[in-house]
Number of protein chains: 2
Amino acid sequence: MSESDAGGVRSVQRAVELLALYDAEHPSRTVRELVDATGMAKTTVVRLVHTLERCGLLWSRGDGHTVPGPGLLHWAELARSTWQLPESAIALMKGLSEASDGEAVHLYVRQQQARVCIARHEGARTLRHVVRVGQEMPLWSGAASHVLLSRAERADVTQVAAAAPHEDWATVLWERAQKAAVAGWAVSHGEREVGVSGVAAPVFDKAGRVTAALALGGPTTRFTDEAVAAFVPALTAAARDLTALDCVGGSAR
Amino acid sequence: MSESDAGGVRSVQRAVELLALYDAEHPSRTVRELVDATGMAKTTVVRLVHTLERCGLLWSRGDGHTVPGPGLLHWAELARSTWQLPESAIALMKGLSEASDGEAVHLYVRQQQARVCIARHEGARTLRHVVRVGQEMPLWSGAASHVLLSRAERADVTQVAAAAPHEDWATVLWERAQKAAVAGWAVSHGEREVGVSGVAAPVFDKAGRVTAALALGGPTTRFTDEAVAAFVPALTAAARDLTALDCVGGSAR
């Protein structure tokens, strides 16, 4: 890879890094803020902002602030059409929540070294596990991760485990992924956050690859062995039904 | 600008160019298709696709096809929160359509050398002017463009006019923008597409800059001088009300 190729990849990553700084708490940003938040040189930020404005991904409001650009509206539509589940799938997730004492239901896909929530049913409990659609979670932890990694190569799992703040996590994660593969579901307690538990089952694509993990999440106090045993039949049935619908990542279209 | 800086900007533009190839007709793409559609070298496409996958903007479905990535869901939410108009503004646009014999209403903002539709009310007519939210239109044509350029510098207007497939368009566009500035509204017939007419009025931000153009669009046969004269009072009143709401580009937040 030449110098300029390497610079190109870095520039794309930096551009995405800049865009990621806009969120609900920071709907607009000044160049100064972007420089402070990234540590990039001001000339680099100015150049990237200008490029992103030209592409419609940022929009200059005229008062020195930039906001996410109207060009994102096209991609928003595209993301929706690719990832929006059909009504039948949404009904399935709602049904699973109701069959599980109102616990929250999330659907995750793998995205490189992370898992991303692509759909959810918030559940009916006052104390609930809330993950927003689009939110990234670490792939080294949680029942949904074990399921997503259940057919992964060992070297892949080792690489994922490297991000964990634990010693020897590669072995632990590999064993948990293997256990999920054998059982057809997984359970975890407090792996990422103390007090939070999850149960997950795999959704497959037509070629038999694990394409998503359907998960119930809630406080560990409610996820007793007895409760988990009661959740599993409804969870695995719902995951099988989602597999039949073949609707993750727009594969049914 | 160093070689590698130039390469960086080019890479960001190319990455955006790749993403733009995904649309309703092409919800998934192979590397082969991306190479064919862009004329880029295969190694360049592979490198960019890999980078975009790492950023979550593309997602490999596992069958050799990539789709828009789940990372876009975060940006979709952001684009919505920035560009989604409050209910009161949506009601205003609906009211304008009803007051104008059911013609379609669109709201455009300038994005570099284009205008982008950020909101619409489709109207009630069978033969209607349909522009999707997120769709780009040329800034060198149409009443909405005249309004968006009504306070622009002459050099800026000249640059915009250079994209028009007409001789001496810089002078024509400048005159039409000046006319819009004086009148406070603009009308156009068949500038971009024969048989399509528009009437537009400016929406201002708090600092008095033109931030958007509110436009009625429909077939030229219905946009007679008499009809336009009847549309203008409701149109300019609605544009003033939108100015008071101060809601374009998230500026009210």
# chains A, B, ... in the order shown; residues from 1 in each chain; ligands from 1
call {"tool": "residues_around", "arguments": {"residues": "Leu34 in chain A", "least_positions_apart": "2", "cutoff": "10 Å", "atoms": "only C-alpha atoms", "output": "PyMOL selection string"}}
result
chain A and resi 17-19+21-22+29-32+36-42+45-46+49
call {"tool": "write_last_selection", "arguments": {"atoms": "N, CA, C and O atoms", "output": "CSV table (one decimal), in the first residue's frame"}}
result
chain,number,residue,atom,x,y,z
A,17,GLU,N,-15.1,9.5,11.9
A,17,GLU,CA,-14.8,9.9,13.3
A,17,GLU,C,-15.4,11.3,13.6
A,17,GLU,O,-16.0,11.5,14.6
A,18,LEU,N,-15.2,12.2,12.6
A,18,LEU,CA,-15.8,13.5,12.8
A,18,LEU,C,-17.3,13.5,12.8
A,18,LEU,O,-18.0,14.0,13.7
A,19,LEU,N,-17.9,12.7,11.9
A,19,LEU,CA,-19.4,12.6,11.9
A,19,LEU,C,-19.9,12.0,13.2
A,19,LEU,O,-21.0,12.3,13.6
A,21,LEU,N,-19.1,12.5,16.0
A,21,LEU,CA,-19.1,13.4,17.1
A,21,LEU,C,-20.4,14.2,17.2
A,21,LEU,O,-20.7,14.9,18.2
A,22,TYR,N,-21.2,14.0,16.2
A,22,TYR,CA,-22.6,14.7,16.2
A,22,TYR,C,-23.5,13.6,16.8
A,22,TYR,O,-23.6,12.5,16.3
A,29,ARG,N,-21.8,21.5,15.8
A,29,ARG,CA,-20.4,21.6,16.2
A,29,ARG,C,-19.7,22.7,15.5
A,29,ARG,O,-20.0,23.0,14.3
A,30,THR,N,-18.7,23.3,16.2
A,30,THR,CA,-17.8,24.3,15.5
A,30,THR,C,-16.5,23.6,15.2
A,30,THR,O,-16.3,22.5,15.7
A,31,VAL,N,-15.7,24.2,14.3
A,31,VAL,CA,-14.4,23.6,14.0
A,31,VAL,C,-13.6,23.5,15.2
A,31,VAL,O,-12.9,22.5,15.5
A,32,ARG,N,-13.6,24.5,16.1
A,32,ARG,CA,-12.9,24.5,17.3
A,32,ARG,C,-13.2,23.2,18.2
A,32,ARG,O,-12.4,22.5,18.6
A,36,ASP,N,-10.8,20.1,19.2
A,36,ASP,CA,-10.6,19.7,20.6
A,36,ASP,C,-11.0,18.3,20.8
A,36,ASP,O,-10.3,17.5,21.5
A,37,ALA,N,-12.1,17.8,20.2
A,37,ALA,CA,-12.6,16.5,20.5
A,37,ALA,C,-11.7,15.4,19.8
A,37,ALA,O,-11.7,14.3,20.3
A,38,THR,N,-11.1,15.7,18.7
A,38,THR,CA,-10.4,14.7,17.9
A,38,THR,C,-8.9,14.8,18.1
A,38,THR,O,-8.2,13.8,17.9
A,39,GLY,N,-8.4,16.0,18.5
A,39,GLY,CA,-6.9,16.1,18.6
A,39,GLY,C,-6.3,16.2,17.2
A,39,GLY,O,-5.1,16.2,17.1
A,40,MET,N,-7.1,16.3,16.1
A,40,MET,CA,-6.6,16.4,14.8
A,40,MET,C,-6.1,17.9,14.6
A,40,MET,O,-6.6,18.8,15.3
A,41,ALA,N,-5.2,18.1,13.6
A,41,ALA,CA,-4.8,19.5,13.3
A,41,ALA,C,-5.9,20.2,12.7
A,41,ALA,O,-6.8,19.7,12.1
A,42,LYS,N,-6.0,21.5,13.0
A,42,LYS,CA,-7.1,22.4,12.5
A,42,LYS,C,-7.2,22.3,11.0
A,42,LYS,O,-8.3,22.2,10.4
A,45,VAL,N,-9.0,19.2,10.0
A,45,VAL,CA,-10.4,19.2,10.3
A,45,VAL,C,-11.1,20.1,9.3
A,45,VAL,O,-12.2,19.8,8.7
A,46,VAL,N,-10.5,21.3,9.0
A,46,VAL,CA,-11.1,22.2,8.0
A,46,VAL,C,-11.3,21.5,6.7
A,46,VAL,O,-12.3,21.6,6.0
A,49,VAL,N,-14.0,18.8,6.9
A,49,VAL,CA,-15.4,19.4,7.0
A,49,VAL,C,-15.8,19.9,5.7
A,49,VAL,O,-16.9,19.7,5.2
call {"tool": "select_by_dssp", "arguments": {"residues": "range 71-184 of chain B", "states": "strand (DSSP E)", "output": "PDB file with N, CA, C and O atoms, in the first residue's frame"}}
result
ATOM      1  N   ALA B 104     -48.425  20.337  -4.789  1.00  0.00           N
ATOM      2  CA  ALA B 104     -47.400  19.793  -3.899  1.00  0.00           C
ATOM      3  C   ALA B 104     -46.541  20.911  -3.317  1.00  0.00           C
ATOM      4  O   ALA B 104     -46.248  21.900  -3.993  1.00  0.00           O
ATOM      5  N   VAL B 105     -46.149  20.748  -2.053  1.00  0.00           N
ATOM      6  CA  VAL B 105     -45.309  21.724  -1.360  1.00  0.00           C
ATOM      7  C   VAL B 105     -43.971  21.069  -1.010  1.00  0.00           C
ATOM      8  O   VAL B 105     -43.945  19.960  -0.483  1.00  0.00           O
ATOM      9  N   HIS B 106     -42.873  21.745  -1.338  1.00  0.00           N
ATOM     10  CA  HIS B 106     -41.547  21.228  -0.990  1.00  0.00           C
ATOM     11  C   HIS B 106     -40.733  22.307  -0.291  1.00  0.00           C
ATOM     12  O   HIS B 106     -40.891  23.490  -0.569  1.00  0.00           O
ATOM     13  N   LEU B 107     -39.862  21.865   0.604  1.00  0.00           N
ATOM     14  CA  LEU B 107     -38.953  22.787   1.277  1.00  0.00           C
ATOM     15  C   LEU B 107     -37.525  22.370   0.901  1.00  0.00           C
ATOM     16  O   LEU B 107     -37.152  21.213   1.058  1.00  0.00           O
ATOM     17  N   TYR B 108     -36.766  23.322   0.344  1.00  0.00           N
ATOM     18  CA  TYR B 108     -35.407  23.041  -0.121  1.00  0.00           C
ATOM     19  C   TYR B 108     -34.374  23.835   0.665  1.00  0.00           C
ATOM     20  O   TYR B 108     -34.620  24.983   1.028  1.00  0.00           O
ATOM     21  N   VAL B 109     -33.202  23.234   0.886  1.00  0.00           N
ATOM     22  CA  VAL B 109     -32.062  24.007   1.378  1.00  0.00           C
ATOM     23  C   VAL B 109     -30.943  23.885   0.352  1.00  0.00           C
ATOM     24  O   VAL B 109     -30.909  22.952  -0.459  1.00  0.00           O
ATOM     25  N   ARG B 110     -30.039  24.854   0.383  1.00  0.00           N
ATOM     26  CA  ARG B 110     -28.889  24.790  -0.494  1.00  0.00           C
ATOM     27  C   ARG B 110     -27.869  23.826   0.081  1.00  0.00           C
ATOM     28  O   ARG B 110     -27.614  23.814   1.294  1.00  0.00           O
ATOM     29  N   GLN B 111     -27.276  23.022  -0.776  1.00  0.00           N
ATOM     30  CA  GLN B 111     -26.175  22.151  -0.384  1.00  0.00           C
ATOM     31  C   GLN B 111     -25.129  22.295  -1.472  1.00  0.00           C
ATOM     32  O   GLN B 111     -25.229  21.669  -2.514  1.00  0.00           O
ATOM     33  N   ALA B 114     -26.096  22.459  -5.235  1.00  0.00           N
ATOM     34  CA  ALA B 114     -27.395  21.811  -5.454  1.00  0.00           C
ATOM     35  C   ALA B 114     -28.389  22.323  -4.416  1.00  0.00           C
ATOM     36  O   ALA B 114     -28.035  23.062  -3.508  1.00  0.00           O
ATOM     37  N   ARG B 115     -29.666  21.978  -4.628  1.00  0.00           N
ATOM     38  CA  ARG B 115     -30.626  22.176  -3.547  1.00  0.00           C
ATOM     39  C   ARG B 115     -31.196  20.807  -3.204  1.00  0.00           C
ATOM     40  O   ARG B 115     -31.333  19.940  -4.066  1.00  0.00           O
ATOM     41  N   VAL B 116     -31.496  20.620  -1.947  1.00  0.00           N
ATOM     42  CA  VAL B 116     -31.960  19.325  -1.473  1.00  0.00           C
ATOM     43  C   VAL B 116     -33.326  19.505  -0.837  1.00  0.00           C
ATOM     44  O   VAL B 116     -33.545  20.437  -0.065  1.00  0.00           O
ATOM     45  N   CYS B 117     -34.225  18.612  -1.169  1.00  0.00           N
ATOM     46  CA  CYS B 117     -35.564  18.637  -0.568  1.00  0.00           C
ATOM     47  C   CYS B 117     -35.462  18.071   0.846  1.00  0.00           C
ATOM     48  O   CYS B 117     -35.012  16.945   1.032  1.00  0.00           O
ATOM     49  N   ILE B 118     -35.863  18.860   1.839  1.00  0.00           N
ATOM     50  CA  ILE B 118     -35.781  18.369   3.226  1.00  0.00           C
ATOM     51  C   ILE B 118     -37.156  18.070   3.815  1.00  0.00           C
ATOM     52  O   ILE B 118     -37.258  17.489   4.891  1.00  0.00           O
ATOM     53  N   ALA B 119     -38.210  18.478   3.133  1.00  0.00           N
ATOM     54  CA  ALA B 119     -39.562  18.163   3.611  1.00  0.00           C
ATOM     55  C   ALA B 119     -40.534  18.370   2.464  1.00  0.00           C
ATOM     56  O   ALA B 119     -40.254  19.130   1.528  1.00  0.00           O
ATOM     57  N   ARG B 120     -41.677  17.713   2.540  1.00  0.00           N
ATOM     58  CA  ARG B 120     -42.669  17.892   1.478  1.00  0.00           C
ATOM     59  C   ARG B 120     -44.066  17.570   1.973  1.00  0.00           C
ATOM     60  O   ARG B 120     -44.247  16.856   2.966  1.00  0.00           O
ATOM     61  N   HIS B 121     -45.033  18.127   1.284  1.00  0.00           N
ATOM     62  CA  HIS B 121     -46.402  17.652   1.421  1.00  0.00           C
ATOM     63  C   HIS B 121     -46.853  17.331   0.007  1.00  0.00           C
ATOM     64  O   HIS B 121     -46.868  18.202  -0.860  1.00  0.00           O
ATOM     65  N   GLU B 136     -31.701  15.502  -4.512  1.00  0.00           N
ATOM     66  CA  GLU B 136     -30.981  16.700  -4.950  1.00  0.00           C
ATOM     67  C   GLU B 136     -31.511  17.194  -6.286  1.00  0.00           C
ATOM     68  O   GLU B 136     -31.826  16.415  -7.166  1.00  0.00           O
ATOM     69  N   MET B 137     -31.609  18.504  -6.411  1.00  0.00           N
ATOM     70  CA  MET B 137     -32.024  19.129  -7.665  1.00  0.00           C
ATOM     71  C   MET B 137     -30.955  20.157  -8.024  1.00  0.00           C
ATOM     72  O   MET B 137     -30.253  20.670  -7.143  1.00  0.00           O
ATOM     73  N   PRO B 138     -30.821  20.490  -9.306  1.00  0.00           N
ATOM     74  CA  PRO B 138     -29.804  21.478  -9.677  1.00  0.00           C
ATOM     75  C   PRO B 138     -30.140  22.858  -9.108  1.00  0.00           C
ATOM     76  O   PRO B 138     -31.305  23.246  -9.049  1.00  0.00           O
TER      77      PRO B 138
END
call {"tool": "atom_distance", "arguments": {"atom1": "CA of Ala89 in chain A", "atom2": "CA of Phe204 in chain A"}}
result
14.0 Å
call {"tool": "interface_residues", "arguments": {"of": "chain B", "to": "chain A", "cutoff": "6 Å", "atoms": "only C-alpha atoms", "output": "ChimeraX atom specification"}}
result
/B:4,7-8,11-12,72-74,76,79,134
call {"tool": "write_last_selection", "arguments": {"atoms": "N, CA and C atoms", "output": "tab-separated table (two decimals), in the first residue's frame"}}
result
chain	number	residue	atom	x	y	z
B	4	SER	N	-0.48	13.34	-0.09
B	4	SER	CA	-1.29	12.44	0.71
B	4	SER	C	-2.57	13.14	1.20
B	7	GLY	N	-4.90	12.96	-1.66
B	7	GLY	CA	-5.40	11.58	-1.73
B	7	GLY	C	-6.47	11.35	-0.69
B	8	GLY	N	-6.31	11.97	0.47
B	8	GLY	CA	-7.28	11.79	1.54
B	8	GLY	C	-8.64	12.33	1.15
B	11	SER	N	-10.19	10.15	-1.38
B	11	SER	CA	-10.70	8.90	-0.83
B	11	SER	C	-12.05	9.08	-0.15
B	12	VAL	N	-12.21	10.19	0.57
B	12	VAL	CA	-13.50	10.45	1.21
B	12	VAL	C	-14.58	10.60	0.14
B	72	LEU	N	-25.21	3.17	9.73
B	72	LEU	CA	-26.01	4.27	9.16
B	72	LEU	C	-27.25	4.54	10.01
B	73	LEU	N	-27.67	3.55	10.80
B	73	LEU	CA	-28.86	3.75	11.64
B	73	LEU	C	-28.64	4.91	12.60
B	74	HIS	N	-27.41	5.03	13.11
B	74	HIS	CA	-27.09	6.16	14.01
B	74	HIS	C	-27.24	7.48	13.26
B	76	ALA	N	-28.93	7.97	10.54
B	76	ALA	CA	-30.32	8.15	10.13
B	76	ALA	C	-31.07	8.88	11.24
B	79	ALA	N	-29.89	12.48	11.23
B	79	ALA	CA	-30.45	13.24	10.11
B	79	ALA	C	-31.90	13.58	10.42
B	134	GLY	N	-34.64	14.30	0.62
B	134	GLY	CA	-33.26	13.86	0.41
B	134	GLY	C	-32.81	13.98	-1.04
